[in-house]
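The structure appears right after this line, and notes come after that.
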Amino acid sequence: MPGFESFGEAERKEVQDVLDSGILMRYGFDAMRNGHYKAKSLEEELQSTLQVKHAQLVTNGTAAVSASLAIAGVGAGDEVIVPCFTFVASFEAIMMLGAIPVLVDIDDTLTLSPEAVKKAITPKTKAIMPVHMCGSMANLDALKKICNDYNLVLAEDACQAVGGTYKGKYLGTYGDVGSLSFDFVKTITCGEGGAVLTNNPEFAKHADQFSDHGHDHVGNDRGAESHPVLGYNFRISELNAAVGLAQVRRLKDFIAIQKKNYTILREALSEIEEVTFRTVPEGGEESYAFLNFFLPNLDTARKVIASFKEKGVDACFHYYDNNWHYVRKWDHLKDIKTLYPVSKEVKEGLSYLKHKTFDQSDHFIGRNISCLIKLSWTEAEVKERAKLMVQAIKESL
Ligand SMILES: *Cc1c(COP(=O)(O)O)cnc(C)c1O
């Protein structure tokens, strides 16, 4: 996920347009902006690149997750089913709405297990949110069927998987709503930024209004616009959008480079019989942001990650022991350590976290190593890395 690797001439030019006019806000100031509407242009580029009817830019990916749920009617007291392997942002974004994140097991796709989802459904369940961790997806057809059967919203957190596809659709555009992040370490970046994606015209209208204090954006006099609903300020600035505009035009090139580097590493590791790879559901294609593989057991995975460090193989993660992405180390969630009081309903709704175990997920995450794929590697560097990885694994078995 190499947004940070590639700030160049194209980004500089787009930002310069904004600096030249001095109009840093996406709405209004029509006479002064030299025709530059970077946020609007980026939304249009996202729509055509990802083949989705509506892309709504927001300030960041966490805001995008909150907004995507809000526009689909998820709010106070509703339960949202999410995988226990995710970024903490997915959890926080649900909490911000006064809703209750219900963490469930993952399977060998490293995201939501449809069986675990089914078991977690209660009368309060409003949405299912797969998180396409490390560039690949859950069995979305199976999740969609569950959503249809129980009348639930399918919300995709595609923050880590822009450019990946499932059955010909870009990740984030398959469900009722989807969210993307353009933070500094994602595949394409705005510095900070995010987007809500939807093909539902009603949700699209909600997204436009919700992200800008409920403004209806009819006409060109902001003071005269009406406010059909209450919203928030999740507006992206023109400066951030300008960076993203240059980046989105390079998305397909970035994915191609990721795929090339990923393939070299994967082919090298495939020669080791004990190494297996994450399952990509039928009809899915990863964004190749990460290479994820399994070792035979937890001990070996720990040895391998230590050996990678010793050999200078950077940007590889063993999430089982990492504080950021897996429930095992998330005491602040289990203890509901918020700075703001949460409702009794949310407190009760989260009490399951104190005692719930995630044995199936431990089984996969404990054995998993996840390696970031960079754009800037030369072919020789990728080959050298592959050689070191193979060595480290063979020595650890
Ligand atoms: C990065 C990320 C987010 C949040 O995005 P920000 O832009 O950093 O707020 C949400 N979910 C997942 C899975 C992420 O990786």
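Chain labels run A, B, ... following the order of the structure tokens; each chain numbers its residues from 1, and ligands are numbered from 1 in the order shown.
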(message) As a quick test: using only C-alpha atoms and all ligand atoms, which residues lie no more than 10 Å away from ligand 1? Give them as a PyMOL selection string.
(response) chain A and resi 1+58-66+85-93+130-135+156-161+179-186+189-195+325
(request) Can you list, as a ChimeraX atom specification, all residues belonging to range 41-282 of chain A that DSSP tags as strand (DSSP E or B)? (result) /A:54-58,79-83,85,100-104,106,112,125-128,131,153-157,165-166,169-170,177-181,183,191,194-198,212,233,276-277
Would you export the selected residues with N, CA and C atoms as a compact mmCIF listing (two decimals), in the first residue's frame, please?
```txt
# COMPACT_ATOMS: atom_id res chain seq x y z
N HIS A 54 -21.80 6.55 -7.50
CA HIS A 54 -21.52 7.71 -6.64
C HIS A 54 -20.31 7.47 -5.75
N ALA A 55 -19.38 8.41 -5.81
CA ALA A 55 -18.25 8.43 -4.88
C ALA A 55 -18.30 9.75 -4.14
N GLN A 56 -18.34 9.68 -2.82
CA GLN A 56 -18.38 10.89 -1.99
C GLN A 56 -17.08 11.00 -1.21
N LEU A 57 -16.31 12.03 -1.51
CA LEU A 57 -15.07 12.20 -0.75
C LEU A 57 -15.35 12.69 0.66
N VAL A 58 -14.57 12.23 1.60
CA VAL A 58 -14.64 12.70 2.98
C VAL A 58 -13.22 12.87 3.53
N GLU A 79 -26.59 -3.22 15.88
CA GLU A 79 -25.38 -4.04 15.87
C GLU A 79 -24.83 -4.16 14.45
N VAL A 80 -23.52 -4.03 14.36
CA VAL A 80 -22.84 -4.20 13.07
C VAL A 80 -21.83 -5.33 13.23
N ILE A 81 -21.94 -6.33 12.40
CA ILE A 81 -21.04 -7.49 12.50
C ILE A 81 -19.77 -7.21 11.70
N VAL A 82 -18.64 -7.32 12.39
CA VAL A 82 -17.33 -7.05 11.76
C VAL A 82 -16.34 -8.16 12.14
N PRO A 83 -15.32 -8.34 11.33
CA PRO A 83 -14.32 -9.36 11.65
C PRO A 83 -13.41 -8.92 12.80
N PHE A 85 -10.29 -9.48 12.93
CA PHE A 85 -9.04 -9.05 12.32
C PHE A 85 -9.40 -7.88 11.41
N ILE A 100 -23.15 -0.72 17.84
CA ILE A 100 -22.38 -1.72 18.58
C ILE A 100 -21.62 -2.64 17.62
N PRO A 101 -20.29 -2.59 17.66
CA PRO A 101 -19.53 -3.51 16.81
C PRO A 101 -19.55 -4.91 17.40
N VAL A 102 -19.94 -5.87 16.61
CA VAL A 102 -19.97 -7.27 17.06
C VAL A 102 -18.87 -8.01 16.30
N LEU A 103 -17.79 -8.30 17.01
CA LEU A 103 -16.64 -8.94 16.36
C LEU A 103 -16.88 -10.44 16.25
N VAL A 104 -16.62 -10.98 15.07
CA VAL A 104 -16.76 -12.43 14.88
C VAL A 104 -15.51 -12.98 14.18
N ILE A 106 -12.81 -14.84 11.72
CA ILE A 106 -12.46 -14.85 10.30
C ILE A 106 -12.23 -16.31 9.87
N LEU A 112 -14.23 -11.89 7.08
CA LEU A 112 -15.42 -12.51 7.70
C LEU A 112 -15.72 -13.93 7.27
N THR A 125 -29.26 -6.72 14.86
CA THR A 125 -28.28 -6.62 13.76
C THR A 125 -28.85 -5.77 12.63
N LYS A 126 -28.04 -4.80 12.19
CA LYS A 126 -28.50 -3.93 11.11
C LYS A 126 -27.62 -4.05 9.87
N ALA A 127 -26.33 -4.36 10.09
CA ALA A 127 -25.41 -4.38 8.96
C ALA A 127 -24.32 -5.43 9.16
N ILE A 128 -23.82 -5.91 8.04
CA ILE A 128 -22.64 -6.79 8.04
C ILE A 128 -21.54 -6.03 7.32
N VAL A 131 -14.30 -6.57 6.19
CA VAL A 131 -13.16 -5.65 6.04
C VAL A 131 -12.15 -6.36 5.14
N VAL A 153 -27.94 -4.52 5.85
CA VAL A 153 -27.10 -3.71 4.96
C VAL A 153 -25.75 -4.41 4.80
N LEU A 154 -25.26 -4.51 3.56
CA LEU A 154 -23.89 -5.00 3.34
C LEU A 154 -22.99 -3.79 3.09
N ALA A 155 -22.12 -3.53 4.07
CA ALA A 155 -21.21 -2.37 4.00
C ALA A 155 -19.79 -2.91 3.90
N GLU A 156 -19.08 -2.54 2.86
CA GLU A 156 -17.71 -3.04 2.71
C GLU A 156 -16.70 -2.01 3.21
N ASP A 157 -15.84 -2.42 4.13
CA ASP A 157 -14.68 -1.59 4.47
C ASP A 157 -13.56 -2.02 3.52
N THR A 165 -10.86 -6.73 -7.07
CA THR A 165 -12.20 -6.94 -7.64
C THR A 165 -12.82 -8.25 -7.16
N TYR A 166 -14.13 -8.32 -7.26
CA TYR A 166 -14.86 -9.55 -6.96
C TYR A 166 -15.95 -9.70 -8.01
N LYS A 169 -16.55 -6.74 -10.13
CA LYS A 169 -16.84 -5.44 -9.51
C LYS A 169 -15.68 -5.03 -8.60
N TYR A 170 -15.37 -3.75 -8.60
CA TYR A 170 -14.33 -3.27 -7.69
C TYR A 170 -14.77 -3.40 -6.24
N VAL A 177 -23.12 -0.22 0.37
CA VAL A 177 -22.21 0.93 0.52
C VAL A 177 -20.79 0.39 0.73
N GLY A 178 -19.81 1.23 0.41
CA GLY A 178 -18.43 0.83 0.63
C GLY A 178 -17.62 2.04 1.06
N SER A 179 -16.48 1.77 1.70
CA SER A 179 -15.64 2.90 2.10
C SER A 179 -14.19 2.64 1.71
N LEU A 180 -13.52 3.73 1.35
CA LEU A 180 -12.10 3.69 0.98
C LEU A 180 -11.33 4.68 1.84
N SER A 181 -10.05 4.38 2.06
CA SER A 181 -9.17 5.32 2.74
C SER A 181 -8.06 5.74 1.79
N ASP A 183 -5.39 7.49 3.23
CA ASP A 183 -4.39 8.01 4.16
C ASP A 183 -3.00 7.74 3.59
N GLY A 191 -2.85 12.21 1.25
CA GLY A 191 -2.29 12.67 2.51
C GLY A 191 -3.21 12.15 3.60
N GLY A 194 -10.72 10.06 2.27
CA GLY A 194 -11.48 8.81 2.19
C GLY A 194 -12.65 9.00 1.24
N ALA A 195 -13.33 7.90 0.91
CA ALA A 195 -14.49 8.01 0.03
C ALA A 195 -15.54 6.99 0.41
N VAL A 196 -16.79 7.42 0.25
CA VAL A 196 -17.94 6.52 0.40
C VAL A 196 -18.40 6.18 -1.01
N LEU A 197 -18.63 4.90 -1.28
CA LEU A 197 -19.08 4.47 -2.61
C LEU A 197 -20.47 3.85 -2.49
N THR A 198 -21.31 4.17 -3.47
CA THR A 198 -22.62 3.49 -3.49
C THR A 198 -23.24 3.61 -4.88
N ASP A 212 -21.58 17.29 4.62
CA ASP A 212 -21.46 18.75 4.61
C ASP A 212 -22.65 19.38 5.35
N ASN A 233 -19.44 17.74 9.49
CA ASN A 233 -18.49 18.24 8.51
C ASN A 233 -17.42 17.19 8.28
N THR A 276 1.49 -22.14 2.82
CA THR A 276 0.22 -22.06 2.07
C THR A 276 -0.20 -20.59 2.03
N PHE A 277 -1.17 -20.31 1.20
CA PHE A 277 -1.54 -18.90 1.02
C PHE A 277 -2.99 -18.66 1.42
```
(request) Would you mind writing down, as a PyMOL selection string, each residue of range 108-248 of chain A that DSSP on the backbone assigns to helix (DSSP H, G or I)? (result) chain A and resi 114-120+133-135+140-150+201-210+222-224+238-248
(message) Here is a test: counting only C-alpha atoms, which residue of A:Asn220, A:Ser270, A:Thr338, A:Thr173 is nearest to Lys53 in chain A?
(response) A:Thr173
(message) I'd like the contact shell of Gln391 in chain A - 12 Å cut-off, only C-alpha atoms, skipping same-chain residues fewer than 3 positions apart - returned as a PyMOL selection string.
(response) chain A and resi 268-269+271-272+304+307-308+310-311+313+384-388+394-397
Prev. selection, all heavy atoms, output as a short mmCIF file (atom, residue, chain, number, x, y, z; two decimals), in the first residue's frame:
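This went into out_30.cif:
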```
data_model
loop_
_atom_site.label_atom_id
_atom_site.label_comp_id
_atom_site.auth_asym_id
_atom_site.auth_seq_id
_atom_site.Cartn_x
_atom_site.Cartn_y
_atom_site.Cartn_z
N ALA A 268 8.35 -17.73 -5.39
CA ALA A 268 9.50 -18.21 -4.62
C ALA A 268 9.02 -19.01 -3.40
O ALA A 268 9.50 -20.11 -3.13
CB ALA A 268 10.37 -17.05 -4.19
N LEU A 269 8.04 -18.47 -2.68
CA LEU A 269 7.55 -19.15 -1.47
C LEU A 269 6.77 -20.42 -1.79
O LEU A 269 6.72 -21.34 -0.97
CB LEU A 269 6.67 -18.22 -0.63
CG LEU A 269 7.27 -16.93 -0.06
CD1 LEU A 269 6.43 -16.40 1.08
CD2 LEU A 269 8.69 -17.10 0.40
N GLU A 271 7.54 -22.71 -3.54
CA GLU A 271 8.39 -23.91 -3.61
C GLU A 271 8.59 -24.58 -2.27
O GLU A 271 9.12 -25.68 -2.19
CB GLU A 271 9.71 -23.53 -4.26
CG GLU A 271 9.47 -23.35 -5.75
CD GLU A 271 10.63 -22.76 -6.50
OE1 GLU A 271 11.76 -22.81 -5.99
OE2 GLU A 271 10.38 -22.27 -7.61
N ILE A 272 8.16 -23.91 -1.21
CA ILE A 272 8.27 -24.52 0.12
C ILE A 272 6.94 -25.20 0.44
O ILE A 272 5.90 -24.54 0.53
CB ILE A 272 8.58 -23.46 1.20
CG1 ILE A 272 9.81 -22.64 0.79
CG2 ILE A 272 8.78 -24.11 2.55
CD1 ILE A 272 10.07 -21.44 1.67
N VAL A 304 9.94 -17.21 12.06
CA VAL A 304 10.14 -16.63 10.73
C VAL A 304 10.16 -15.11 10.81
O VAL A 304 11.03 -14.45 10.23
CB VAL A 304 9.04 -17.12 9.75
CG1 VAL A 304 9.05 -16.30 8.46
CG2 VAL A 304 9.23 -18.60 9.44
N SER A 307 13.38 -13.97 12.18
CA SER A 307 14.45 -14.17 11.20
C SER A 307 14.38 -13.12 10.08
O SER A 307 15.41 -12.65 9.59
CB SER A 307 14.34 -15.59 10.65
OG SER A 307 15.28 -15.80 9.66
N PHE A 308 13.15 -12.77 9.67
CA PHE A 308 13.00 -11.70 8.66
C PHE A 308 13.67 -10.43 9.18
O PHE A 308 14.38 -9.74 8.47
CB PHE A 308 11.51 -11.39 8.40
CG PHE A 308 10.83 -12.33 7.44
CD1 PHE A 308 11.50 -13.40 6.88
CD2 PHE A 308 9.49 -12.13 7.10
CE1 PHE A 308 10.86 -14.27 5.98
CE2 PHE A 308 8.84 -12.98 6.20
CZ PHE A 308 9.51 -14.05 5.66
N GLU A 310 16.05 -10.10 11.40
CA GLU A 310 17.50 -10.27 11.42
C GLU A 310 18.11 -10.09 10.04
O GLU A 310 19.18 -9.51 9.88
CB GLU A 310 17.79 -11.70 11.87
CG GLU A 310 18.70 -11.83 13.06
CD GLU A 310 18.58 -13.24 13.58
OE1 GLU A 310 19.04 -14.17 12.87
OE2 GLU A 310 18.00 -13.41 14.68
N LYS A 311 17.40 -10.59 9.03
CA LYS A 311 17.94 -10.55 7.67
C LYS A 311 17.61 -9.24 6.95
O LYS A 311 17.93 -9.07 5.79
CB LYS A 311 17.39 -11.72 6.85
CG LYS A 311 17.88 -13.09 7.30
CD LYS A 311 17.30 -14.18 6.39
CE LYS A 311 17.49 -15.57 6.94
NZ LYS A 311 18.88 -15.97 7.17
N VAL A 313 14.56 -8.15 6.18
CA VAL A 313 13.33 -8.19 5.36
C VAL A 313 12.28 -7.38 6.11
O VAL A 313 11.68 -7.84 7.08
CB VAL A 313 12.84 -9.65 5.16
CG1 VAL A 313 11.54 -9.66 4.37
CG2 VAL A 313 13.90 -10.48 4.45
N GLU A 384 16.07 -10.53 -4.49
CA GLU A 384 16.92 -10.68 -3.31
C GLU A 384 16.05 -10.92 -2.06
O GLU A 384 16.34 -11.78 -1.23
CB GLU A 384 17.78 -9.41 -3.16
CG GLU A 384 18.66 -9.36 -1.91
CD GLU A 384 19.72 -10.47 -1.84
OE1 GLU A 384 19.99 -11.11 -2.88
OE2 GLU A 384 20.25 -10.71 -0.73
N ARG A 385 14.96 -10.16 -1.97
CA ARG A 385 14.02 -10.29 -0.86
C ARG A 385 13.42 -11.71 -0.86
O ARG A 385 13.32 -12.35 0.20
CB ARG A 385 12.93 -9.23 -1.03
CG ARG A 385 11.69 -9.34 -0.16
CD ARG A 385 10.79 -8.14 -0.37
NE ARG A 385 11.38 -6.98 0.25
CZ ARG A 385 11.05 -6.52 1.47
NH1 ARG A 385 10.08 -7.07 2.15
NH2 ARG A 385 11.66 -5.49 1.99
N ALA A 386 13.05 -12.18 -2.03
CA ALA A 386 12.47 -13.53 -2.14
C ALA A 386 13.47 -14.57 -1.63
O ALA A 386 13.11 -15.49 -0.88
CB ALA A 386 12.10 -13.81 -3.59
N LYS A 387 14.71 -14.39 -2.01
CA LYS A 387 15.76 -15.34 -1.60
C LYS A 387 15.90 -15.34 -0.07
O LYS A 387 15.94 -16.40 0.57
CB LYS A 387 17.09 -14.94 -2.26
CG LYS A 387 18.12 -16.04 -2.31
CD LYS A 387 19.41 -15.56 -2.97
CE LYS A 387 20.29 -14.89 -1.93
NZ LYS A 387 21.41 -14.13 -2.50
N LEU A 388 15.93 -14.15 0.51
CA LEU A 388 16.08 -14.05 1.97
C LEU A 388 14.87 -14.64 2.70
O LEU A 388 14.99 -15.29 3.74
CB LEU A 388 16.27 -12.58 2.39
CG LEU A 388 17.58 -11.93 1.95
CD1 LEU A 388 17.55 -10.43 2.23
CD2 LEU A 388 18.79 -12.57 2.64
N LYS A 394 12.95 -21.60 5.53
CA LYS A 394 13.55 -22.94 5.56
C LYS A 394 14.32 -23.16 6.86
O LYS A 394 14.26 -24.23 7.47
CB LYS A 394 14.47 -23.15 4.35
CG LYS A 394 13.65 -23.42 3.08
CD LYS A 394 14.54 -23.89 1.94
CE LYS A 394 13.70 -24.34 0.76
NZ LYS A 394 14.49 -24.30 -0.49
N GLU A 395 15.03 -22.15 7.30
CA GLU A 395 15.80 -22.27 8.55
C GLU A 395 14.90 -22.39 9.78
O GLU A 395 15.32 -22.90 10.82
CB GLU A 395 16.72 -21.04 8.73
CG GLU A 395 17.93 -21.04 7.80
CD GLU A 395 18.59 -19.65 7.72
OE1 GLU A 395 18.26 -18.76 8.55
OE2 GLU A 395 19.40 -19.47 6.79
N SER A 396 13.66 -21.90 9.67
CA SER A 396 12.77 -21.88 10.84
C SER A 396 11.90 -23.12 10.95
O SER A 396 11.24 -23.34 11.97
CB SER A 396 11.87 -20.65 10.78
OG SER A 396 12.63 -19.47 10.65
N LEU A 397 11.81 -23.89 9.88
CA LEU A 397 10.90 -25.06 9.87
C LEU A 397 11.44 -26.20 10.73
O LEU A 397 12.63 -26.36 10.88
CB LEU A 397 10.67 -25.54 8.43
CG LEU A 397 9.75 -24.65 7.60
CD1 LEU A 397 9.84 -25.02 6.13
CD2 LEU A 397 8.30 -24.75 8.07
#
```
(message) Taking 3 positions as the minimum chain separation for residues in the same chain, which residues sit within 10 Å of Lys38 in chain A when counting only C-alpha atoms? Answer as a PyMOL selection string.
(response) chain A and resi 14-15+17-18+24-26+35+41-44+237-246
With C-alpha atoms retained, export the selected residues as a CSV table (one decimal), in the first residue's frame.
```
chain,number,residue,atom,x,y,z
A,14,GLU,CA,-2.5,19.4,-9.2
A,15,VAL,CA,-1.6,21.0,-5.8
A,17,ASP,CA,-3.4,24.7,-9.3
A,18,VAL,CA,-5.1,25.0,-5.9
A,24,LEU,CA,-8.9,25.5,-0.5
A,25,MET,CA,-12.6,24.7,-0.1
A,26,ARG,CA,-14.4,22.3,-2.4
A,35,GLY,CA,-12.2,26.4,-12.9
A,41,SER,CA,-13.0,15.9,-10.3
A,42,LEU,CA,-11.6,13.2,-8.0
A,43,GLU,CA,-15.1,12.0,-7.3
A,44,GLU,CA,-15.7,11.8,-11.1
A,237,SER,CA,-10.0,20.1,1.4
A,238,GLU,CA,-9.1,20.9,-2.2
A,239,LEU,CA,-5.4,20.4,-1.3
A,240,ASN,CA,-5.9,16.8,-0.3
A,241,ALA,CA,-8.2,16.1,-3.2
A,242,ALA,CA,-5.6,17.5,-5.6
A,243,VAL,CA,-3.1,14.9,-4.5
A,244,GLY,CA,-5.6,12.2,-4.8
A,245,LEU,CA,-6.6,13.3,-8.3
A,246,ALA,CA,-3.0,12.7,-9.5
```
(message) Can you pull out the residues contacting range 279-292 of chain A? Cut-off 10 Å, using only C-alpha atoms, and skip same-chain residues under 6 positions away; I want them as an MDAnalysis selection string.
(response) chainID A and resid 1:2 107:111 132:141 160:171 186:187 252 254:263 265:266 315:317 368:375
